[in-house]
Every structure is written in structure tokens, then in C-alpha cells.
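All remarks here apply to the structure that follows.
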Amino acid sequence: MESHGAGIRRVMVLASCVAGIWSAYIYQGVLQETVSTKRFGPNNERFEHLAFLNLAQNVVCLIWSFMMIKIWSSGNSGGAPWWSYWSAGITNTIGPAMGIEALKYISYPAQVLAKSSKMIPVMLMGAIVYGIRYTVPEYVCTLLVAGGVSMFALLKTSSKTISKLAHPNAPVGYGLCFLNLTFDGFTNATQDSIKARYPKTSAWDIMLGMNLWGTIYNMIFMFGWSNASGFEAVQFCKQHPEAAWDILMYCLCGAVGQNFIFLTISQFGSLTNTTITTTRKFVSIVVSSVLSGNPLSTKQWTSVIMVFSGLSFQIYLKWRKLQRMPKKKKSN
């Protein structure tokens, strides 16, 4: 009975994680698309300073992680010092800024698809730079994702979707997404290195360190000189409180989502987290298509299914690899 009760509790925790990640990030996606495409006020003005979203997100997550450390941490955890995140903070500042800027040039579903192809630059770097040999199934996953993204990019976007973009330009938009993925790769590698050097570093420590440097760099970029764009962004929010509210909710969704991601990884592992976040991206595209008025053609839906088939196959390969690991240990 006791094990049965523990099992039910575990299922309830997993259900909470799925609901938390899905609701936080799907709503954040809706808000991101709203801020980047909506026209505010009687003059139908656009919020052009999308990099300001990253600064606001950094500040909210910095405060949030500091509060969580104070509430849950007991004394000095022996984690990585705050200054060790300075280099990861640079790439983590530039990368997301490029991803958000891409929404000026391509639709939200296109951006989500492009950012879902992280495995492509990772495998290219691994094969060319480090000489890593990948299996045939891994190449099949990559081809499905690359083929789906390429097909989506080449297909004609509906006039209704194009009319909502600030500066429609597919090559620029996809180029920004690719640079976003490249910088994310450097960020992840640096975080892994920090974690290896300081094993006692908690998820909250990483969140605090990354957002501290992100806040510093974005503050310099947004307010570092007299005519910097941050002043215009603040003025816009004063004139249009609705935009300020959307930005605040966007930031809070990101902080709440991070909570559930950390909980999922700690309780169920990174593979479960990858599965939840991957399915969330697919749902985000559906929500954007249905609720936000970004209609997709049958061929575009085919390319979306290709991408997520490749991602699902990748998750299955990781799961199968994990299943084999205990068997190898037993045989040794």
C-alpha cells in the first residue's frame, strides 16, 4: 500500500510538471507573439525593442532565483562562484536576443520550428570539429528535422501571417534563429563545464549566475548611452500599459516554467524533461495557428510533423540508450 501511494504521488508530481511547463511556456509563446506583432494605441504603434524582453526576463528570473536560494538553500552550498558565469552570460545574452528579433522577420510557428533543430549545428560541430561518429538512426533524425525546417521555409507563407510581421524577410529570420542555436550551444557547453568543476552547483545557482550577468550585459546594451533603445522601450511601456503588462506576464511565465523544468529534471531526469518540452513546442504551433491567426497549409503541417517525428525518434533513441546502460553495468 505504501509503495502504491508513493507511485500515485509520483504520477501526480509528473502531471503537475507537465501542466506547469505546458501552461507557462505556451502562454509565454502567445505573449511573445502578441508583443512582437500587435499594434498598440490609437496610432497603431509596434513595440520594436524586442531585446527589452530579454532584459526584463533576466531581472525577474534573477529576483526569483535569489528568493528561491534564500528560501530553500541552507548556508553555503559550495557551488560555482558568481563570476564564473561571465562568459556563458555573454552568449546567453546574444543568443535569445537573436531568437526574439527573428519574430520581426518570420512567423512564430516558423521560429519555433527553426529553434527545434538544435541537433543540426550540434551534429555538424561534432562531426567536423571533434570527429564524432554518429549512427544511421541519428542521421535519420537529423534529416527529418532538417528536411522539415527547409520545406517549411521554402513554402509560401499566408498573406495574413506576413501582414502581421514588422519586416518580413525569411532568410534574415532563419539566419537569426541559426545564430541563436549556435550561441545556445556555447552556453550549454559552458554550463556543463561549470557544473563539472563545481558539482555542488544547484539549478538555482546556475539560474542566479546566468541572469545576473544577463542583467548586467543587457543593462549596458539597453541603457549604456544617451540614445540607447532601452529608454524608448520604457517610454513605450509608459504610454501603453497594456504592453508593459504583457511583458511582465511574459517574464513571470518564464520564471514559473523554469521552476517546473528544474523540478522535472531533479525528479524524473532530463529525458522526461526533453519529452515534455518537445511536445509543448508542437502544441505551441497548434495554438499559434488556431488562436493567433497564423494559418498553415497542408504542406506546412506536413513539414511540422516531419520535424517532430525526427525529434520524437531522437527521444526514443535516448530512451533506448538509457535502457541499455544498466544491462552493461550488470554484465561488468
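Chain labels follow the order of the C-alpha cells: the first chain is A, the next B, and so on; residue numbering restarts at 1 in every chain, and ligands are counted from 1 in their shown order.
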(message) I'd like the contact shell of region 215-223 of chain A - 8 Å cut-off, only C-alpha atoms, skipping same-chain residues fewer than 3 positions apart - returned as an MDAnalysis selection string.
(response) chainID A and resid 52 54:55 58:59 89:90 93 211:212 226 228:231
Only all heavy atoms, please: the residues just picked out, written as a CSV table (one decimal), in the first residue's frame.
chain,number,residue,atom,x,y,z
A,52,PHE,N,14.4,44.2,-25.3
A,52,PHE,CA,14.0,44.6,-23.9
A,52,PHE,C,13.3,43.4,-23.2
A,52,PHE,O,13.4,43.4,-21.9
A,52,PHE,CB,13.0,45.8,-24.0
A,52,PHE,CG,12.7,46.4,-22.7
A,52,PHE,CD1,13.6,47.1,-22.0
A,52,PHE,CD2,11.4,46.2,-22.1
A,52,PHE,CE1,13.2,47.7,-20.7
A,52,PHE,CE2,11.1,46.7,-20.9
A,52,PHE,CZ,12.0,47.5,-20.2
A,54,ASN,N,14.3,40.4,-23.1
A,54,ASN,CA,15.4,39.6,-22.5
A,54,ASN,C,15.8,40.2,-21.2
A,54,ASN,O,16.1,39.6,-20.2
A,54,ASN,CB,16.6,39.4,-23.5
A,54,ASN,CG,16.3,38.5,-24.6
A,54,ASN,OD1,15.5,37.5,-24.4
A,54,ASN,ND2,16.8,38.7,-25.8
A,55,LEU,N,16.0,41.6,-21.2
A,55,LEU,CA,16.4,42.3,-20.0
A,55,LEU,C,15.3,42.1,-18.9
A,55,LEU,O,15.7,41.8,-17.8
A,55,LEU,CB,16.6,43.8,-20.3
A,55,LEU,CG,16.8,44.7,-19.1
A,55,LEU,CD1,18.0,44.2,-18.3
A,55,LEU,CD2,17.0,46.1,-19.5
A,58,ASN,N,15.5,38.6,-17.6
A,58,ASN,CA,16.7,38.4,-16.7
A,58,ASN,C,16.5,39.0,-15.3
A,58,ASN,O,16.8,38.3,-14.3
A,58,ASN,CB,17.9,39.1,-17.3
A,58,ASN,CG,18.5,38.4,-18.5
A,58,ASN,OD1,19.0,39.1,-19.5
A,58,ASN,ND2,18.5,37.1,-18.5
A,59,VAL,N,15.9,40.2,-15.3
A,59,VAL,CA,15.7,40.8,-14.0
A,59,VAL,C,14.7,40.0,-13.1
A,59,VAL,O,14.9,39.7,-11.9
A,59,VAL,CB,15.1,42.3,-14.2
A,59,VAL,CG1,14.7,42.8,-12.8
A,59,VAL,CG2,16.2,43.1,-14.8
A,89,GLY,N,27.3,34.0,-19.8
A,89,GLY,CA,26.3,35.2,-19.8
A,89,GLY,C,26.3,35.9,-21.1
A,89,GLY,O,25.3,36.4,-21.5
A,90,ILE,N,27.5,36.0,-21.7
A,90,ILE,CA,27.6,36.8,-23.0
A,90,ILE,C,26.8,36.1,-24.1
A,90,ILE,O,26.0,36.7,-24.7
A,90,ILE,CB,29.1,36.9,-23.4
A,90,ILE,CG1,29.9,37.8,-22.5
A,90,ILE,CG2,29.2,37.5,-24.9
A,90,ILE,CD1,31.3,37.9,-22.7
A,93,THR,N,23.1,36.1,-23.5
A,93,THR,CA,22.5,37.4,-23.8
A,93,THR,C,22.3,37.6,-25.3
A,93,THR,O,21.2,38.0,-25.7
A,93,THR,CB,23.4,38.5,-23.2
A,93,THR,OG1,23.6,38.3,-21.8
A,93,THR,CG2,22.8,39.9,-23.5
A,211,ASN,N,21.5,34.8,-15.0
A,211,ASN,CA,20.6,36.0,-15.1
A,211,ASN,C,21.3,37.3,-14.5
A,211,ASN,O,21.0,38.4,-14.9
A,211,ASN,CB,19.3,35.7,-14.4
A,211,ASN,CG,18.4,34.9,-15.2
A,211,ASN,OD1,17.9,35.3,-16.3
A,211,ASN,ND2,18.2,33.6,-14.8
A,212,LEU,N,22.2,37.1,-13.5
A,212,LEU,CA,23.0,38.2,-13.0
A,212,LEU,C,23.8,38.8,-14.2
A,212,LEU,O,23.7,40.1,-14.4
A,212,LEU,CB,23.9,37.8,-11.9
A,212,LEU,CG,24.9,38.8,-11.4
A,212,LEU,CD1,24.2,40.0,-10.8
A,212,LEU,CD2,25.9,38.2,-10.4
A,226,SER,N,23.2,57.6,-24.2
A,226,SER,CA,22.0,58.5,-24.0
A,226,SER,C,20.9,58.2,-25.0
A,226,SER,O,19.7,58.3,-24.6
A,226,SER,CB,22.5,60.0,-24.3
A,226,SER,OG,23.0,60.1,-25.6
A,228,ALA,N,20.2,55.1,-26.3
A,228,ALA,CA,20.1,53.6,-26.3
A,228,ALA,C,18.6,53.3,-26.4
A,228,ALA,O,17.7,54.0,-25.9
A,228,ALA,CB,20.7,53.0,-25.1
A,229,SER,N,18.3,52.1,-26.9
A,229,SER,CA,16.9,51.7,-27.2
A,229,SER,C,16.1,51.4,-25.9
A,229,SER,O,14.9,51.5,-25.9
A,229,SER,CB,16.9,50.5,-28.1
A,229,SER,OG,17.5,49.4,-27.5
A,230,GLY,N,16.8,51.2,-24.8
A,230,GLY,CA,16.1,50.9,-23.6
A,230,GLY,C,15.2,52.0,-23.1
A,230,GLY,O,14.1,51.8,-22.6
A,231,PHE,N,15.6,53.3,-23.3
A,231,PHE,CA,14.9,54.4,-22.9
A,231,PHE,C,13.6,54.5,-23.7
A,231,PHE,O,12.5,54.8,-23.1
A,231,PHE,CB,15.7,55.7,-23.0
A,231,PHE,CG,16.9,55.7,-22.2
A,231,PHE,CD1,18.2,55.5,-22.7
A,231,PHE,CD2,16.8,56.0,-20.8
A,231,PHE,CE1,19.3,55.6,-22.0
A,231,PHE,CE2,18.0,56.0,-20.0
A,231,PHE,CZ,19.2,55.8,-20.6
(message) Going by DSSP on the backbone, which residues of region 290-326 of chain A come out as helix (DSSP H, G or I)? List them as a PyMOL selection string.
(response) chain A and resi 290-291+298-326
With region 304-319 of chain A as the partner and 12 Å as the cut-off, tabulate the residues of region 102-158 of chain A that qualify, each row holding the nearest pair of atoms and their distance in Å to one decimal, using only C-alpha atoms, sorted by chain and rising number, as a tab-separated table.
residue	atom	partner	partner_atom	distance
A:Pro109	CA	A:Val304	CA	9.0
A:Ala110	CA	A:Val304	CA	9.2
A:Gln111	CA	A:Val304	CA	11.7
A:Val112	CA	A:Val304	CA	10.0
A:Leu113	CA	A:Val304	CA	7.2
A:Ala114	CA	A:Val307	CA	9.4
A:Lys115	CA	A:Val307	CA	10.9
A:Ser116	CA	A:Val307	CA	7.9
A:Ser117	CA	A:Val307	CA	7.9
A:Lys118	CA	A:Leu311	CA	10.1
A:Met119	CA	A:Leu311	CA	9.0
A:Ile120	CA	A:Leu311	CA	11.3
A:Thr135	CA	A:Leu317	CA	10.4
A:Val136	CA	A:Leu317	CA	11.3
A:Pro137	CA	A:Leu317	CA	8.0
A:Glu138	CA	A:Gln314	CA	7.0
A:Tyr139	CA	A:Gly310	CA	9.7
A:Val140	CA	A:Gly310	CA	7.5
A:Cys141	CA	A:Gly310	CA	4.4
A:Thr142	CA	A:Gly310	CA	6.7
A:Leu143	CA	A:Gly310	CA	7.8
A:Leu144	CA	A:Gly310	CA	5.1
A:Val145	CA	A:Val307	CA	4.2
A:Ala146	CA	A:Val307	CA	7.4
A:Gly147	CA	A:Met306	CA	7.5
A:Gly148	CA	A:Val307	CA	5.1
A:Val149	CA	A:Val307	CA	6.8
A:Ser150	CA	A:Val307	CA	9.9
A:Met151	CA	A:Val304	CA	9.1
A:Phe152	CA	A:Val304	CA	7.5
A:Ala153	CA	A:Val304	CA	10.9
A:Leu155	CA	A:Val304	CA	11.9
Let's have the selection written as a tab-separated table (two decimals), in the first residue's frame, with N, CA, C and O atoms.
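Output (selection.tsv):
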chain	number	residue	atom	x	y	z
A	109	PRO	N	5.31	30.22	-35.58
A	109	PRO	CA	5.50	28.79	-35.86
A	109	PRO	C	6.82	28.51	-36.57
A	109	PRO	O	7.49	27.50	-36.27
A	110	ALA	N	7.22	29.38	-37.50
A	110	ALA	CA	8.49	29.20	-38.20
A	110	ALA	C	9.67	29.31	-37.23
A	110	ALA	O	10.63	28.55	-37.31
A	111	GLN	N	9.57	30.26	-36.30
A	111	GLN	CA	10.64	30.43	-35.31
A	111	GLN	C	10.76	29.21	-34.40
A	111	GLN	O	11.86	28.73	-34.11
A	112	VAL	N	9.62	28.69	-33.94
A	112	VAL	CA	9.62	27.51	-33.07
A	112	VAL	C	10.24	26.32	-33.79
A	112	VAL	O	11.06	25.58	-33.23
A	113	LEU	N	9.86	26.12	-35.06
A	113	LEU	CA	10.42	25.01	-35.84
A	113	LEU	C	11.92	25.16	-36.01
A	113	LEU	O	12.68	24.21	-35.83
A	114	ALA	N	12.36	26.36	-36.38
A	114	ALA	CA	13.79	26.60	-36.60
A	114	ALA	C	14.59	26.35	-35.32
A	114	ALA	O	15.66	25.74	-35.35
A	115	LYS	N	14.05	26.81	-34.18
A	115	LYS	CA	14.75	26.64	-32.91
A	115	LYS	C	14.67	25.20	-32.39
A	115	LYS	O	15.39	24.84	-31.46
A	116	SER	N	13.80	24.39	-32.99
A	116	SER	CA	13.71	22.97	-32.61
A	116	SER	C	14.80	22.14	-33.27
A	116	SER	O	14.96	20.96	-32.95
A	117	SER	N	15.54	22.74	-34.21
A	117	SER	CA	16.55	21.99	-34.97
A	117	SER	C	17.94	22.14	-34.36
A	117	SER	O	18.94	22.17	-35.08
A	118	LYS	N	18.00	22.22	-33.03
A	118	LYS	CA	19.27	22.41	-32.34
A	118	LYS	C	20.26	21.29	-32.64
A	118	LYS	O	21.48	21.49	-32.66
A	119	MET	N	19.75	20.08	-32.88
A	119	MET	CA	20.63	18.93	-33.11
A	119	MET	C	21.48	19.10	-34.37
A	119	MET	O	22.55	18.52	-34.48
A	120	ILE	N	21.01	19.90	-35.33
A	120	ILE	CA	21.73	20.04	-36.61
A	120	ILE	C	23.10	20.70	-36.40
A	120	ILE	O	24.12	20.11	-36.77
A	135	THR	N	25.42	7.41	-35.44
A	135	THR	CA	24.78	6.22	-36.01
A	135	THR	C	23.82	6.62	-37.13
A	135	THR	O	23.42	7.78	-37.25
A	136	VAL	N	23.42	5.62	-37.93
A	136	VAL	CA	22.47	5.86	-39.02
A	136	VAL	C	21.14	6.42	-38.49
A	136	VAL	O	20.61	7.39	-39.04
A	137	PRO	N	20.55	5.83	-37.41
A	137	PRO	CA	19.30	6.40	-36.88
A	137	PRO	C	19.43	7.86	-36.47
A	137	PRO	O	18.50	8.65	-36.64
A	138	GLU	N	20.61	8.26	-35.94
A	138	GLU	CA	20.82	9.65	-35.55
A	138	GLU	C	20.83	10.57	-36.77
A	138	GLU	O	20.29	11.69	-36.74
A	139	TYR	N	21.41	10.09	-37.86
A	139	TYR	CA	21.39	10.87	-39.10
A	139	TYR	C	19.97	10.94	-39.68
A	139	TYR	O	19.59	11.96	-40.27
A	140	VAL	N	19.18	9.88	-39.50
A	140	VAL	CA	17.78	9.88	-39.96
A	140	VAL	C	17.00	10.96	-39.21
A	140	VAL	O	16.23	11.72	-39.82
A	141	CYS	N	17.20	11.04	-37.89
A	141	CYS	CA	16.55	12.09	-37.08
A	141	CYS	C	16.91	13.48	-37.61
A	141	CYS	O	16.02	14.33	-37.80
A	142	THR	N	18.19	13.69	-37.86
A	142	THR	CA	18.66	14.99	-38.33
A	142	THR	C	18.09	15.33	-39.70
A	142	THR	O	17.69	16.48	-39.95
A	143	LEU	N	18.04	14.35	-40.60
A	143	LEU	CA	17.50	14.58	-41.94
A	143	LEU	C	16.01	14.94	-41.89
A	143	LEU	O	15.54	15.80	-42.63
A	144	LEU	N	15.27	14.26	-40.99
A	144	LEU	CA	13.85	14.56	-40.85
A	144	LEU	C	13.65	16.00	-40.37
A	144	LEU	O	12.82	16.74	-40.91
A	145	VAL	N	14.43	16.38	-39.37
A	145	VAL	CA	14.31	17.74	-38.82
A	145	VAL	C	14.75	18.78	-39.85
A	145	VAL	O	14.05	19.77	-40.11
A	146	ALA	N	15.94	18.55	-40.45
A	146	ALA	CA	16.47	19.50	-41.43
A	146	ALA	C	15.54	19.61	-42.65
A	146	ALA	O	15.27	20.71	-43.14
A	147	GLY	N	15.02	18.45	-43.09
A	147	GLY	CA	14.11	18.45	-44.24
A	147	GLY	C	12.82	19.17	-43.93
A	147	GLY	O	12.31	19.94	-44.76
A	148	GLY	N	12.28	18.95	-42.73
A	148	GLY	CA	11.03	19.60	-42.33
A	148	GLY	C	11.17	21.10	-42.23
A	148	GLY	O	10.33	21.87	-42.72
A	149	VAL	N	12.27	21.57	-41.59
A	149	VAL	CA	12.50	23.01	-41.44
A	149	VAL	C	12.72	23.65	-42.81
A	149	VAL	O	12.19	24.73	-43.11
A	150	SER	N	13.52	22.98	-43.67
A	150	SER	CA	13.80	23.52	-45.01
A	150	SER	C	12.52	23.61	-45.84
A	150	SER	O	12.27	24.62	-46.52
A	151	MET	N	11.72	22.56	-45.75
A	151	MET	CA	10.46	22.54	-46.51
A	151	MET	C	9.53	23.66	-46.05
A	151	MET	O	8.92	24.38	-46.86
A	152	PHE	N	9.43	23.85	-44.73
A	152	PHE	CA	8.59	24.91	-44.17
A	152	PHE	C	9.08	26.28	-44.63
A	152	PHE	O	8.29	27.16	-44.97
A	153	ALA	N	10.42	26.45	-44.66
A	153	ALA	CA	11.00	27.74	-45.04
A	153	ALA	C	10.75	28.06	-46.51
A	153	ALA	O	10.55	29.23	-46.88
A	155	LEU	N	8.22	26.90	-48.40
A	155	LEU	CA	6.81	27.02	-48.75
A	155	LEU	C	6.32	28.46	-48.53
A	155	LEU	O	6.81	29.17	-47.65
(message) Excluding Ala170 (chain A) and its own-chain neighbours fewer than 5 positions away, which residues fall within 10 Å of it when counting only C-alpha atoms? Please give them as a PyMOL selection string.
(response) chain A and resi 102+104-107+110+153-154+157+175-176
(request) Compile the contact shell of Asp246 (chain A) as a list in words: residues with an atom at most 9 Å away, counting only C-alpha atoms, same-chain residues fewer than 5 positions apart removed. (result) Leu31, Gln32, Thr34, Val35, Pro241 and Cys251 of chain A
(message) Nearest residue to Asn259 (chain A) out of A:Phe178, A:Trp86, A:Trp204, A:Tyr108, using only C-alpha atoms?
(response) A:Trp204
(message) Rounded to one decimal, what separation in Å do you get between CA of Ser303 (chain A) and CA of Lys38 (chain A)?
(response)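 Between CA of Ser303 (chain A) and CA of Lys38 (chain A) the gap is 26.9 Å.
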